[in-house]
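Asker: The following block contains the structure, expressed as structure tokens.
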Amino acid sequence: QVRAQGDFHGLPLKVMFGHSRDAMIAADVVMVASGTATLEAALLKRPMVVSYRVGRWQWKLFKRMAYLPWVSLPNILFQDEVVPELLQDAATPQALADAVDHWLRDEAACARLVQQFTRLHQILRQDTGDTAARAILPLLGRSVK
């Protein structure tokens with residue numbers, strides 16, 4: 001469903017709902033809030049900038065409870081900052097624009113990230129069909145080859 005279409009401050013934009021995967025596939029860079037969408041963007045092998053802002057009290061609580069230095073799933077899975085995370089007060093318009101611009105200008109960095117995301121995809125992909133069949137076939141009295 002397309003909600004709004006037109007010219008927004010000189011940028012031709014189309015606001016869509018229910019088509020996040022299509023939008024990520026079409027994007028050169030994805031700006032995404034932390035959560036499962038970061039993993040989806042990684043599996044689609046898209047450079048991304050992660051940003052998140054919450055209320056001051058929530059932020060204080062989250063900071064006290066944090067046990068990892070990252071909030072995005074790609075960074076957590078790699079145990080390294082492979083995509084920038086601009087959180088809370090660091091999420092300024094200029095900082096976000098600079099982070100997106102970095103991905104748009106640095107083709108080598110994008111290529112390295114695609115390689116990392118490809119490796120992550122291979123690690124996470126566990127041939128679930130075969131695994132499920134191996135679990136079910138003995139229950140059906142059939143042998144597993």
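Letters A, B, ... go to the chains of the structure tokens in the order shown; residues in each chain start at 1; ligands are counted from 1 in the same order.
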Which polymer residues have any atom within 12 Å of an atom of Asp101 in chain A, counting only C-alpha atoms, with same-chain residues fewer than 4 positions away left out, as a ChimeraX atom specification?
Answerer: /A:28-31,47-49,84,93-97,105-107,109-110
Asker: Write a file of the just-selected residues containing N, CA, C and O atoms, as an mmCIF file, in the first residue's frame.
Answerer:
```
data_model
loop_
_atom_site.group_PDB
_atom_site.id
_atom_site.type_symbol
_atom_site.label_atom_id
_atom_site.label_comp_id
_atom_site.auth_asym_id
_atom_site.auth_seq_id
_atom_site.Cartn_x
_atom_site.Cartn_y
_atom_site.Cartn_z
ATOM 1 N N ASP A 28 20.177 1.168 -1.980
ATOM 2 C CA ASP A 28 21.640 1.092 -1.978
ATOM 3 C C ASP A 28 22.163 1.026 -0.547
ATOM 4 O O ASP A 28 23.168 0.380 -0.280
ATOM 5 N N VAL A 29 21.485 1.715 0.355
ATOM 6 C CA VAL A 29 21.819 1.736 1.782
ATOM 7 C C VAL A 29 20.502 1.747 2.544
ATOM 8 O O VAL A 29 19.561 2.423 2.148
ATOM 9 N N VAL A 30 20.459 1.005 3.645
ATOM 10 C CA VAL A 30 19.256 0.938 4.468
ATOM 11 C C VAL A 30 19.523 1.653 5.781
ATOM 12 O O VAL A 30 20.547 1.416 6.415
ATOM 13 N N MET A 31 18.612 2.533 6.174
ATOM 14 C CA MET A 31 18.662 3.124 7.509
ATOM 15 C C MET A 31 17.586 2.399 8.305
ATOM 16 O O MET A 31 16.423 2.379 7.910
ATOM 17 N N PRO A 47 24.181 -2.715 2.824
ATOM 18 C CA PRO A 47 24.840 -1.821 3.784
ATOM 19 C C PRO A 47 23.757 -1.090 4.575
ATOM 20 O O PRO A 47 22.687 -0.788 4.035
ATOM 21 N N MET A 48 24.036 -0.843 5.839
ATOM 22 C CA MET A 48 23.006 -0.222 6.668
ATOM 23 C C MET A 48 23.613 0.705 7.700
ATOM 24 O O MET A 48 24.785 0.600 8.040
ATOM 25 N N VAL A 49 22.772 1.594 8.166
ATOM 26 C CA VAL A 49 23.074 2.448 9.305
ATOM 27 C C VAL A 49 21.966 2.172 10.311
ATOM 28 O O VAL A 49 20.789 2.266 9.985
ATOM 29 N N PRO A 84 27.532 0.824 11.329
ATOM 30 C CA PRO A 84 27.485 1.890 12.339
ATOM 31 C C PRO A 84 26.174 1.887 13.111
ATOM 32 O O PRO A 84 25.105 1.618 12.554
ATOM 33 N N PRO A 93 20.858 14.388 12.544
ATOM 34 C CA PRO A 93 20.689 14.337 11.092
ATOM 35 C C PRO A 93 22.030 14.320 10.349
ATOM 36 O O PRO A 93 22.186 13.566 9.386
ATOM 37 N N GLN A 94 22.984 15.116 10.794
ATOM 38 C CA GLN A 94 24.282 15.162 10.121
ATOM 39 C C GLN A 94 25.036 13.839 10.252
ATOM 40 O O GLN A 94 25.609 13.341 9.287
ATOM 41 N N ALA A 95 25.021 13.259 11.446
ATOM 42 C CA ALA A 95 25.715 11.986 11.654
ATOM 43 C C ALA A 95 25.081 10.874 10.826
ATOM 44 O O ALA A 95 25.786 10.039 10.243
ATOM 45 N N LEU A 96 23.759 10.857 10.769
ATOM 46 C CA LEU A 96 23.070 9.850 9.960
ATOM 47 C C LEU A 96 23.394 10.033 8.480
ATOM 48 O O LEU A 96 23.690 9.061 7.778
ATOM 49 N N ALA A 97 23.354 11.270 8.020
ATOM 50 C CA ALA A 97 23.677 11.552 6.616
ATOM 51 C C ALA A 97 25.114 11.155 6.300
ATOM 52 O O ALA A 97 25.391 10.569 5.250
ATOM 53 N N ARG A 105 29.628 6.169 -0.949
ATOM 54 C CA ARG A 105 30.881 6.573 -1.588
ATOM 55 C C ARG A 105 31.978 5.513 -1.555
ATOM 56 O O ARG A 105 32.876 5.538 -2.388
ATOM 57 N N ASP A 106 31.942 4.601 -0.601
ATOM 58 C CA ASP A 106 33.036 3.647 -0.427
ATOM 59 C C ASP A 106 32.634 2.262 -0.937
ATOM 60 O O ASP A 106 32.161 1.407 -0.182
ATOM 61 N N GLU A 107 32.841 2.047 -2.234
ATOM 62 C CA GLU A 107 32.459 0.768 -2.846
ATOM 63 C C GLU A 107 33.231 -0.403 -2.258
ATOM 64 O O GLU A 107 32.684 -1.498 -2.111
ATOM 65 N N ALA A 109 34.331 -0.724 0.842
ATOM 66 C CA ALA A 109 33.739 -1.046 2.147
ATOM 67 C C ALA A 109 32.439 -1.818 1.958
ATOM 68 O O ALA A 109 32.165 -2.773 2.690
ATOM 69 N N CYS A 110 31.644 -1.427 0.978
ATOM 70 C CA CYS A 110 30.393 -2.147 0.698
ATOM 71 C C CYS A 110 30.681 -3.575 0.255
ATOM 72 O O CYS A 110 29.996 -4.502 0.680
#
```
Asker: I'd like to know which residues of range 35-137 of chain A are alpha helix (DSSP H) (by DSSP, run on the backbone); could you write them as JSON, numbers by chain?
Answerer: {"A": [36, 37, 38, 39, 40, 41, 42, 43, 56, 57, 58, 59, 60, 61, 62, 63, 64, 65, 73, 74, 75, 76, 77, 78, 93, 94, 95, 96, 97, 98, 99, 100, 101, 102, 103, 104, 105, 107, 108, 109, 110, 111, 112, 113, 114, 115, 116, 117, 118, 119, 120, 121, 122, 123, 124, 128, 129, 130, 131, 132, 133, 134, 135, 136]}
Asker: Show which residues sit within 10 Å of Val114 in chain A, as a JSON list (two decimals) with C-alpha atoms, in the first residue's frame. Count only C-alpha atoms, and ignore same-chain residues fewer than 5 positions away.
Answerer:
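part21.json was written with the following content:
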```
[["chain", "number", "residue", "atom", "x", "y", "z"],
["A", 42, "ALA", "CA", 22.14, -8.26, 6.59],
["A", 43, "LEU", "CA", 20.68, -11.40, 4.99],
["A", 44, "LEU", "CA", 19.71, -9.24, 1.99],
["A", 45, "LYS", "CA", 23.36, -8.10, 2.02],
["A", 46, "ARG", "CA", 22.54, -4.41, 2.24],
["A", 47, "PRO", "CA", 24.84, -1.82, 3.78],
["A", 108, "ALA", "CA", 35.30, -1.26, -1.33],
["A", 109, "ALA", "CA", 33.74, -1.05, 2.15],
["A", 119, "ARG", "CA", 29.54, -15.54, 5.34],
["A", 120, "LEU", "CA", 26.96, -14.79, 8.06]]
```
Asker: Mind giving me the straight-line distance from CA of Ala23 in chain A to CA of Thr38 in chain A in Å, one decimal?
Answerer: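 Pair CA of Ala23 in chain A / CA of Thr38 in chain A returns 13.5 Å.
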Asker: Could you tell me which of A:Gln79, A:His102, A:Leu124, A:Gln88 comes closest to Val54 in chain A if we count only C-alpha atoms?
Answerer: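 Of A:Gln79, A:His102, A:Leu124, A:Gln88, the one nearest Val54 in chain A is A:Gln88, counting only C-alpha atoms.
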Asker: Using only C-alpha atoms, which protein or nucleic acid residues come within 7 Å of Ala33 in chain A? Drop anything in the same chain fewer than 4 positions from it, and give the result as a list in words.
Answerer: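 The neighbour list is Val50, Ser51 and Tyr52 of chain A.
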Asker: Restricting the output to C-alpha atoms, write the selected residues as a PDB file, in the first residue's frame.
Answerer:
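Output file again.pdb is given in full below:
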```pdb
ATOM      1  CA  VAL A  50      21.396   1.478  12.558  1.00  0.00           C
ATOM      2  CA  SER A  51      19.727   4.194  14.582  1.00  0.00           C
ATOM      3  CA  TYR A  52      17.483   4.184  17.597  1.00  0.00           C
TER       4      TYR A  52
END
```
Asker: From the DSSP assignment of the backbone, select every residue of chain A that is strand (DSSP E or B), and format the answer as a PyMOL selection string.
Answerer: chain A and resi 2-8+11-16+30-32+48-52+85-87
Asker: What does the distance from CA of Gln116 in chain A to CA of Asp22 in chain A come to in Å, to one decimal?
Answerer: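 Distance between the two atoms: 21.7 Å.
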